[in-house]
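Undergrad: Input structure: entry-v7.cif, which contains mmCIF, C-alpha atoms.
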data_my_file
#
loop_
_atom_site.label_atom_id
_atom_site.label_comp_id
_atom_site.auth_asym_id
_atom_site.auth_seq_id
_atom_site.Cartn_x
_atom_site.Cartn_y
_atom_site.Cartn_z
CA MET A 178 0.00 0.00 0.00
CA SER A 179 1.02 3.61 -0.54
CA ALA A 180 2.54 5.62 2.28
CA ILE A 181 -0.27 8.11 1.57
CA LYS A 182 -3.71 6.96 2.83
CA PRO A 183 -7.09 8.43 1.84
CA ASP A 184 -7.66 9.76 5.36
CA ASP A 185 -4.28 11.56 5.35
CA GLY A 186 -5.84 14.40 3.34
CA TYR A 187 -6.59 15.39 -0.23
CA ILE A 188 -4.22 15.17 -3.20
CA THR A 189 -3.51 18.37 -5.12
CA TYR A 190 -3.38 17.70 -8.87
CA ILE A 191 -1.61 20.45 -10.88
CA ILE A 192 -2.03 20.14 -14.64
CA ASN A 193 -0.44 22.15 -17.43
CA PRO A 194 -2.64 21.52 -20.51
CA LYS A 195 -0.10 23.20 -22.83
CA SER A 196 2.86 20.95 -22.05
CA GLY A 197 4.77 19.14 -24.79
CA ALA A 198 3.03 17.73 -27.85
CA SER A 199 -0.14 16.62 -26.07
CA SER A 200 -3.59 17.94 -26.76
CA GLY A 201 -5.89 18.53 -23.84
CA GLU A 202 -7.86 15.39 -24.67
CA LYS A 203 -4.76 13.18 -24.69
CA LEU A 204 -2.95 14.73 -21.76
CA PRO A 205 -1.32 12.03 -19.61
CA GLY A 206 -2.41 11.71 -16.04
CA TRP A 207 -6.16 11.63 -16.40
CA ARG A 208 -6.34 7.85 -15.98
CA PHE A 209 -4.13 8.06 -12.92
CA GLU A 210 -6.43 10.68 -11.44
CA GLN A 211 -9.37 8.32 -12.00
CA TYR A 212 -7.38 5.50 -10.37
CA LEU A 213 -6.84 7.63 -7.26
CA SER A 214 -10.51 8.55 -7.09
CA ARG A 215 -11.56 4.90 -7.36
CA ARG A 216 -9.21 4.11 -4.47
CA GLY A 217 -11.04 6.60 -2.27
CA TYR A 218 -8.62 9.54 -2.47
CA GLU A 219 -9.98 13.07 -2.74
CA VAL A 220 -8.31 14.66 -5.75
CA ARG A 221 -8.51 18.40 -6.28
CA ALA A 222 -7.54 19.14 -9.89
CA ASN A 223 -6.11 22.52 -10.86
CA ILE A 224 -5.42 23.72 -14.43
CA THR A 225 -2.48 26.12 -14.65
CA ARG A 226 -2.83 29.48 -16.36
CA SER A 227 0.93 30.08 -16.42
CA LEU A 228 4.16 28.80 -14.92
CA GLU A 229 3.82 31.38 -12.15
CA HIS A 230 0.33 30.06 -11.43
CA ALA A 231 1.74 26.52 -11.10
CA CYS A 232 4.14 27.80 -8.43
CA GLU A 233 1.29 29.56 -6.61
CA LEU A 234 -0.82 26.39 -6.59
CA ALA A 235 2.09 24.40 -5.16
CA THR A 236 2.78 27.07 -2.54
CA ASP A 237 -0.86 26.93 -1.43
CA ALA A 238 -0.69 23.13 -1.20
CA ALA A 239 2.53 23.30 0.81
CA SER A 240 0.92 25.51 3.45
CA ASP A 241 -2.35 23.55 3.73
CA PRO A 242 -2.21 20.90 6.48
CA ASN A 243 -5.16 19.11 4.86
CA CYS A 244 -3.16 18.45 1.67
CA ALA A 245 -1.39 15.07 1.79
CA MET A 246 0.70 15.31 -1.40
CA VAL A 247 0.99 16.94 -4.82
CA VAL A 248 0.86 15.41 -8.29
CA VAL A 249 2.11 17.54 -11.20
CA VAL A 250 1.24 16.79 -14.83
CA GLY A 251 3.48 18.70 -17.21
CA GLY A 252 6.91 19.27 -18.66
CA ASP A 253 10.17 20.38 -17.06
CA GLY A 254 9.10 24.02 -16.75
CA THR A 255 5.92 23.15 -14.90
CA VAL A 256 7.74 20.62 -12.69
CA ARG A 257 10.34 23.26 -11.87
CA GLU A 258 7.75 25.79 -10.73
CA VAL A 259 5.82 23.25 -8.67
CA ALA A 260 9.04 22.08 -7.01
CA HIS A 261 9.86 25.71 -6.28
CA GLY A 262 6.47 26.14 -4.62
CA LEU A 263 7.09 23.06 -2.47
CA GLU A 264 10.65 24.04 -1.54
CA ASN A 265 11.51 22.98 2.01
CA SER A 266 7.97 21.77 2.74
CA SER A 267 7.08 18.29 4.00
CA LYS A 268 4.75 17.55 1.07
CA THR A 269 5.61 14.72 -1.32
CA LEU A 270 5.65 15.36 -5.07
CA LEU A 271 4.87 12.80 -7.79
CA ILE A 272 5.64 13.72 -11.40
CA VAL A 273 3.45 12.63 -14.32
CA PRO A 274 5.63 13.54 -17.34
CA GLY A 275 3.67 15.48 -19.95
CA GLY A 276 6.32 17.53 -21.75
CA THR A 277 8.50 16.98 -24.80
CA GLU A 278 11.77 16.05 -23.10
CA ASN A 279 10.86 15.46 -19.40
CA LEU A 280 14.46 15.60 -18.18
CA LEU A 281 13.76 15.08 -14.50
CA ALA A 282 11.17 12.34 -15.01
CA ASN A 283 13.58 10.51 -17.30
CA GLU A 284 16.31 10.76 -14.66
CA LEU A 285 13.94 9.21 -12.14
CA GLY A 286 12.97 6.42 -14.56
CA LEU A 287 9.36 7.65 -14.70
CA ASP A 288 7.00 7.57 -17.64
CA SER A 289 3.33 8.51 -17.92
CA SER A 290 1.94 4.97 -18.28
CA LEU A 291 -0.71 3.97 -15.77
CA PRO A 292 1.15 0.82 -14.60
CA MET A 293 4.28 2.87 -13.87
CA LEU A 294 2.37 5.55 -11.96
CA THR A 295 0.27 3.17 -9.90
CA ARG A 296 3.29 1.01 -9.06
CA THR A 297 5.24 4.07 -7.95
CA PHE A 298 2.36 5.47 -5.90
CA ASP A 299 1.52 2.19 -4.22
CA ALA A 300 5.16 1.58 -3.23
CA GLY A 301 5.39 5.06 -1.73
CA PHE A 302 9.21 5.25 -2.07
CA VAL A 303 10.36 8.84 -1.41
CA LYS A 304 13.79 10.46 -1.93
CA THR A 305 14.95 13.95 -1.09
CA PHE A 306 15.87 16.12 -4.07
CA ASP A 307 18.24 19.08 -4.27
CA LEU A 308 17.23 22.20 -6.19
CA GLY A 309 19.52 24.55 -8.08
CA LYS A 310 19.02 28.30 -7.99
CA ALA A 311 20.34 30.61 -10.74
CA ASN A 312 20.10 34.34 -9.95
CA GLY A 313 17.20 33.50 -7.65
CA ARG A 314 15.39 31.29 -10.19
CA CYS A 315 15.02 27.63 -9.25
CA PHE A 316 15.87 24.79 -11.60
CA THR A 317 15.55 21.05 -11.13
CA SER A 318 17.76 19.64 -13.88
CA ILE A 319 20.34 21.52 -15.96
CA ALA A 320 21.37 25.09 -16.72
CA GLY A 321 23.15 25.60 -20.03
CA PHE A 322 25.30 28.46 -21.35
CA GLY A 323 26.15 29.12 -24.97
CA PHE A 324 25.08 26.90 -27.84
CA ASP A 325 22.15 25.10 -26.21
CA GLY A 326 20.95 28.37 -24.69
CA GLU A 327 20.68 29.74 -28.22
CA VAL A 328 18.72 26.70 -29.40
CA VAL A 329 16.27 27.11 -26.52
CA ARG A 330 15.94 30.83 -27.27
CA ARG A 331 15.03 30.14 -30.90
CA VAL A 332 12.51 27.44 -29.96
CA SER A 333 10.93 29.69 -27.34
CA GLU A 334 10.59 32.61 -29.76
CA ASN A 335 8.79 30.46 -32.33
CA ARG A 336 6.59 28.52 -29.88
CA THR A 337 2.86 29.16 -30.15
CA GLY A 338 1.50 26.07 -28.35
CA HIS A 339 2.38 22.39 -28.04
CA ILE A 340 5.78 21.35 -29.35
CA ASN A 341 7.53 18.09 -30.18
CA TYR A 342 11.05 16.93 -31.03
CA PHE A 343 10.72 18.05 -34.65
CA ASP A 344 10.19 21.66 -33.52
CA TYR A 345 13.83 21.61 -32.40
CA PHE A 346 15.22 20.60 -35.81
CA TRP A 347 15.42 23.97 -37.56
CA PRO A 348 16.51 25.95 -34.48
CA LEU A 349 19.24 23.36 -33.91
CA TRP A 350 20.28 23.39 -37.57
CA ARG A 351 20.43 27.19 -37.81
CA THR A 352 22.25 27.53 -34.51
CA PHE A 353 24.84 24.97 -35.59
CA TRP A 354 25.78 26.97 -38.69
CA TRP A 355 25.49 30.51 -37.32
CA TYR A 356 26.58 30.29 -33.70
CA ARG A 357 29.79 32.02 -32.67
CA PHE A 358 31.41 30.66 -29.54
CA ASP A 359 31.75 33.51 -27.06
CA PRO A 360 34.31 33.39 -24.24
CA ILE A 361 32.81 32.19 -20.96
CA LYS A 362 34.37 32.40 -17.51
CA VAL A 363 33.43 29.81 -14.88
CA GLU A 364 34.21 29.83 -11.15
CA VAL A 365 33.46 26.90 -8.83
CA ASP A 366 33.42 27.59 -5.09
CA GLY A 367 35.42 30.78 -5.63
CA GLN A 368 38.11 29.25 -7.89
CA GLU A 369 38.30 30.12 -11.58
CA ILE A 370 38.47 26.89 -13.60
CA PHE A 371 37.82 28.14 -17.16
CA ASP A 372 38.00 31.28 -19.29
CA GLY A 373 37.57 30.87 -23.02
CA PRO A 374 35.19 29.89 -25.82
CA GLY A 375 33.05 26.87 -25.05
CA LEU A 376 29.83 25.31 -23.82
CA VAL A 377 28.96 25.11 -20.13
CA PHE A 378 26.47 22.83 -18.35
CA VAL A 379 25.64 23.02 -14.65
CA GLY A 380 23.19 20.56 -13.20
CA ASN A 381 21.67 18.22 -10.74
CA ILE A 382 20.94 15.21 -12.98
CA SER A 383 23.11 13.03 -15.19
CA ARG A 384 21.12 13.03 -18.44
CA TYR A 385 20.36 15.90 -20.80
CA ALA A 386 18.36 16.08 -24.04
CA ILE A 387 17.76 12.72 -25.81
CA GLY A 388 19.44 10.99 -22.88
CA LEU A 389 22.96 12.37 -23.39
CA ASN A 390 24.98 11.50 -20.30
CA ILE A 391 26.68 14.90 -20.03
CA LEU A 392 26.85 15.19 -16.22
CA GLU A 393 27.64 11.54 -15.72
CA ASN A 394 28.45 11.75 -12.00
CA ALA A 395 25.50 13.92 -11.00
CA ASN A 396 23.44 12.76 -8.04
CA TYR A 397 20.32 14.76 -7.25
CA SER A 398 20.60 14.05 -3.51
CA ASP A 399 24.30 14.68 -2.80
CA GLY A 400 24.17 18.43 -2.07
CA LEU A 401 26.45 19.21 -5.03
CA LEU A 402 26.10 20.63 -8.53
CA ASP A 403 28.05 19.06 -11.38
CA VAL A 404 29.79 21.25 -13.97
CA CYS A 405 30.83 20.10 -17.45
CA ILE A 406 32.72 22.51 -19.71
CA TYR A 407 33.44 21.74 -23.35
CA LYS A 408 36.29 23.85 -24.70
CA CYS A 409 34.90 24.68 -28.13
CA ALA A 410 35.55 27.40 -30.71
CA SER A 411 34.21 25.91 -33.94
CA GLN A 412 31.50 23.73 -35.46
CA THR A 413 34.07 20.99 -36.15
CA HIS A 414 35.03 20.90 -32.50
CA LEU A 415 31.34 20.80 -31.54
CA VAL A 416 30.78 17.72 -33.70
CA LYS A 417 33.74 16.01 -32.07
CA HIS A 418 32.36 16.76 -28.60
CA SER A 419 28.94 15.47 -29.62
CA VAL A 420 30.35 12.15 -30.81
CA MET A 421 32.44 11.67 -27.69
CA THR A 422 29.41 12.44 -25.50
CA VAL A 423 27.25 9.89 -27.31
CA LEU A 424 30.05 7.35 -26.77
CA LYS A 425 30.28 8.39 -23.08
CA HIS A 426 33.97 9.21 -23.39
CA HIS A 427 33.76 13.02 -23.16
CA ALA A 428 34.74 13.32 -19.48
CA PHE A 429 38.15 11.76 -20.26
CA CYS A 430 38.98 14.23 -23.06
CA PRO A 431 41.69 16.83 -22.34
CA ASP A 432 39.47 19.58 -23.78
CA VAL A 433 36.65 18.87 -21.29
CA ILE A 434 36.60 20.08 -17.67
CA TYR A 435 34.42 18.26 -15.16
CA LYS A 436 34.00 19.57 -11.59
CA GLN A 437 31.56 19.52 -8.68
CA GLY A 438 30.73 22.31 -6.27
CA ARG A 439 28.13 24.21 -4.31
CA GLN A 440 28.60 27.73 -5.70
CA ILE A 441 29.10 28.33 -9.43
CA ARG A 442 29.49 31.70 -11.13
CA VAL A 443 29.27 32.09 -14.92
CA THR A 444 30.20 35.34 -16.67
CA SER A 445 30.95 36.44 -20.22
CA GLU A 446 32.21 39.44 -22.17
CA ASN A 447 29.00 39.13 -24.16
CA PRO A 448 26.10 40.40 -21.98
CA ASP A 449 23.69 38.68 -24.38
CA LEU A 450 25.22 35.22 -23.95
CA PRO A 451 22.24 32.84 -24.35
CA THR A 452 21.36 30.78 -21.29
CA GLU A 453 18.70 28.21 -20.42
CA ILE A 454 17.35 26.46 -17.34
CA ASP A 455 15.30 23.27 -17.65
CA GLY A 456 14.64 23.95 -21.34
CA ASP A 457 13.39 27.53 -20.88
CA PRO A 458 15.34 30.77 -21.49
CA GLY A 459 17.52 31.49 -18.48
CA PRO A 460 18.73 34.63 -16.69
CA ALA A 461 21.22 37.07 -18.19
CA VAL A 462 24.89 36.78 -17.28
CA PRO A 463 26.52 37.11 -14.86
CA VAL A 464 24.77 34.11 -13.30
CA GLN A 465 25.33 33.00 -9.72
CA ILE A 466 24.25 29.40 -9.10
CA GLU A 467 23.85 27.66 -5.76
CA ILE A 468 22.49 24.37 -4.48
CA ILE A 469 19.54 24.01 -2.08
CA PRO A 470 20.05 20.59 -0.46
CA LYS A 471 17.11 18.29 0.26
CA ALA A 472 14.63 20.91 -0.93
CA VAL A 473 11.84 18.63 -2.18
CA ASN A 474 10.49 15.16 -1.35
CA LEU A 475 10.01 13.18 -4.57
CA MET A 476 8.04 9.96 -4.93
CA VAL A 477 10.12 7.80 -7.28
CA PRO A 478 10.10 4.23 -8.66
CA GLU A 479 12.21 2.13 -6.31
CA GLY A 480 15.34 0.87 -8.08
CA ALA A 481 14.54 2.65 -11.36
CA LYS A 482 17.37 3.84 -13.61
CA PRO A 483 17.64 6.92 -15.87
CA ILE A 484 16.23 6.50 -19.36
CA GLY A 485 18.95 6.40 -22.03
CA ILE A 486 19.37 7.46 -25.65
CA ARG A 487 17.74 4.41 -27.26
CA ALA A 488 14.59 4.78 -25.17
CA HIS A 489 14.43 8.47 -26.07
CA ILE A 490 14.66 7.75 -29.78
CA PHE A 491 11.99 5.07 -29.53
CA ARG A 492 9.63 7.47 -27.76
CA ALA A 493 10.28 10.23 -30.29
CA ILE A 494 9.27 8.08 -33.28
CA ARG A 495 6.28 6.37 -31.67
#
Taking this structure as input, can you express it in the form of structure tokens?

TA:
Amino acid sequence: MSAIKPDDGYITYIINPKSGASSGEKLPGWRFEQYLSRRGYEVRANITRSLEHACELATDAASDPNCAMVVVVGGDGTVREVAHGLENSSKTLLIVPGGTENLLANELGLDSSLPMLTRTFDAGFVKTFDLGKANGRCFTSIAGFGFDGEVVRRVSENRTGHINYFDYFWPLWRTFWWYRFDPIKVEVDGQEIFDGPGLVFVGNISRYAIGLNILENANYSDGLLDVCIYKCASQTHLVKHSVMTVLKHHAFCPDVIYKQGRQIRVTSENPDLPTEIDGDPGPAVPVQIEIIPKAVNLMVPEGAKPIGIRAHIFRAIR
């Protein structure tokens, strides 16, 4: 049986109907909501009007002693805002992935199938989860600086509703050919470790887009942020880094820096250096990043492993 019982209180259900490629009629999570209701749980469903509204709903749930737990249905942006609203509360959060990439859910080994969700809920296995904070903005997964920040910026500018993997193709293609690699300076716990052209990733989970194992040593409960820096000044060098990352050999390359720390500062001579957090446009540089240990209680599949590249590709073409 689940650690949460019907008489423990109601379950707050926070749903973003605009996440990912789903239409409102096909949004994942509805069958799980019906499952909870049949089991005797009171479910209070809330449709988000914005990401800020998702955070407000979670904040209200966190402060209500009659709320037993929170379920969020949405992509990484929605999950981020709900986690922010629950920061340092005792409430448990269960994620129903409904976005395009679902970075955090993939790291936890979660998918939106009813058997997976019911098995996870019934087991009631909970782990504490660290949050990152970049210039005061929370993130759950990865902050990126440079090339991927530009891709996210282009996708965000062209987005009018639901998106899928194919919506990333042209932004990625154009960015590849037109991007110029600006110098970036990175400090970890007060020590400068890099100053030059490149790509920078700071995060709390091991896998990035399509399951790339960029931050291979990241552990979302260890109180540390992982930093991976690719020294890169050209498209040719970028291709080489991409191949080595797919092969999981990038961390051993002499032109890659891999560190861990609690305080990370990223600056650039270019004040318009593109940045992203959890797949959304990020704050302007300079960016000060810190870790908030054990900020959220996450209900996760016991013994589950992160979803890799092959599983991502299979999902994308289904």

Undergrad: The PyMOL selection byres ((chain A and resi 282) around 9) - which residues does that actually catch in the file I just gave you? List them as a list in words.

TA: Gly252, Asp253, Ile272, Val273, Pro274, Glu278, Asn279, Leu280, Leu281, Asn283, Glu284, Leu285, Gly286, Leu287, Asp288, Pro483 and Ile484 of chain A

Undergrad: Step by step, work through what the PyMOL selection byres ((chain A and resi 238-246) around 8) selects in the shown file, and finish by giving those residues as number ranges by chain.

TA: A: 181, 185-189, 234-237, 247-248, 262-263, 266-270

Undergrad: So what do you get for CA of Glu446 in chain A versus CA of Gly254 in chain A, distance-wise?

TA: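 We find that CA of Glu446 in chain A and CA of Gly254 in chain A lie 28.3 Å from each other.
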
Undergrad: In Å, how far is it from CA of Asp299 in chain A to CA of Ile224 in chain A?

TA: 24.8 Å

Undergrad: Choose the residue, out of A:Ile191, A:Ile319, A:Leu308, A:Val365, that has the smallest atom-to-atom separation from Arg221 in chain A; count all atoms listed in the file.

TA: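 Counting all atoms listed in the file, the residue closest to Arg221 in chain A is A:Ile191.
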
Undergrad: Go through A:Ile468, A:Ala311, A:Ile406, A:Ile391 one by one, measure the shortest atom-to-atom distance of each to Lys425 in chain A using all atoms listed in the file, and give the residue with the smallest value.

TA: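 Residue with the minimum atom-to-atom distance to Lys425 in chain A: A:Ile391.
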
Undergrad: For His261 in chain A, which residue among A:Phe306, A:Phe346, A:Phe316, A:Phe209 is the nearest when counting all atoms listed in the file?

TA: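 Smallest separation from His261 in chain A among the options: A:Phe316.
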
Undergrad: Between CA of Asp372 in chain A and CA of Gly459 in chain A, what is the distance in Å, rounded to a tenth?

TA: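 CA of Asp372 in chain A sits 20.5 Å away from CA of Gly459 in chain A.
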
Undergrad: Under the rule that only C-alpha atoms are counted, which of A:Leu402, A:Phe378, A:Pro460, A:Phe358 is the nearest residue to His414 in chain A?

TA: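 When distances to His414 in chain A are compared using only C-alpha atoms, the smallest one comes from A:Phe358.
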
Undergrad: Counting only C-alpha atoms, what is within 9 Å of Asp432 in chain A, bar same-chain residues fewer than 5 positions away, as an MDAnalysis selection string?

TA: chainID A and resid 406:409 427

Undergrad: For each of A:Ala180, A:Asn265, A:Met293, A:Leu424, take the minimum atom-to-atom distance to Ala481 in chain A, counting only C-alpha atoms, then give the residue where this is smallest.

TA: A:Met293

Undergrad: Find the residues near range 329-333 of chain A: any atom within 10 Å, counting only C-alpha atoms, skip ones fewer than 3 places away on the same chain, and give them as a list in words.

TA: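 Everything that qualifies: Gly321, Phe324, Asp325, Gly326, Arg336, Thr337, Ile340, Asp344, Tyr345, Phe346, Trp347, Pro348, Leu349, Arg351, Thr352, Pro451, Thr452, Glu453, Ile454, Asp455, Gly456, Asp457, Pro458 and Gly459 of chain A.
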
Undergrad: May I ask which of the residues A:Thr295, A:Gln437, A:Asn447, A:Asn193 is the closest one to Leu213 in chain A, counting all atoms listed in the file?

TA: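 Of A:Thr295, A:Gln437, A:Asn447, A:Asn193, the one nearest Leu213 in chain A, counting all atoms listed in the file, is A:Thr295.
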
Undergrad: Please identify all polymer residues within 7 Å of Ile441 in chain A, counting all atoms listed in the file, omitting same-chain residues fewer than 5 positions from it, and present them as a list of chain:residue names.

TA: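 The neighbour list is A:Glu364, A:Val365, A:Asp366, A:Gln465, A:Ile466, A:Glu467.
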
Undergrad: Name the residues that the PyMOL selection byres ((chain A and resi 475) around 7) picks from the file above, as a ChimeraX atom specification, using the file's chain letters and numbers.

TA: /A:269-271,303-306,473-474,476-477

Undergrad: Go ahead and dump the residues you just picked, C-alpha atoms, as a JSON list (two decimals), in the coordinates of the input.

TA:
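Saved the output as result.json:
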[["chain", "number", "residue", "atom", "x", "y", "z"],
["A", 269, "THR", "CA", 5.61, 14.72, -1.32],
["A", 270, "LEU", "CA", 5.65, 15.36, -5.07],
["A", 271, "LEU", "CA", 4.87, 12.80, -7.79],
["A", 303, "VAL", "CA", 10.36, 8.84, -1.41],
["A", 304, "LYS", "CA", 13.79, 10.46, -1.93],
["A", 305, "THR", "CA", 14.95, 13.95, -1.09],
["A", 306, "PHE", "CA", 15.87, 16.12, -4.07],
["A", 473, "VAL", "CA", 11.84, 18.63, -2.18],
["A", 474, "ASN", "CA", 10.49, 15.16, -1.35],
["A", 476, "MET", "CA", 8.04, 9.96, -4.93],
["A", 477, "VAL", "CA", 10.12, 7.80, -7.28]]

Undergrad: Would you mind listing what lies within 10 Å of Arg357 in chain A as a list in words, with only C-alpha atoms counted and same-chain residues fewer than 4 positions away left out?

TA: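 Near neighbours after the sequence-gap exclusion: Gly323, Phe324, Thr352, Phe353, Pro374, Gly375, Ala410, Ser411 and Gln412 of chain A.
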
Undergrad: Axis-aligned box over every listed atom of range 294-305 of chain A, padded by 4 Å per side: centre and edges in Å to one decimal, as JSON?

TA:
{"center_x": 7.6, "center_y": 7.5, "center_z": -6.5, "size_x": 22.7, "size_y": 20.9, "size_z": 18.9}
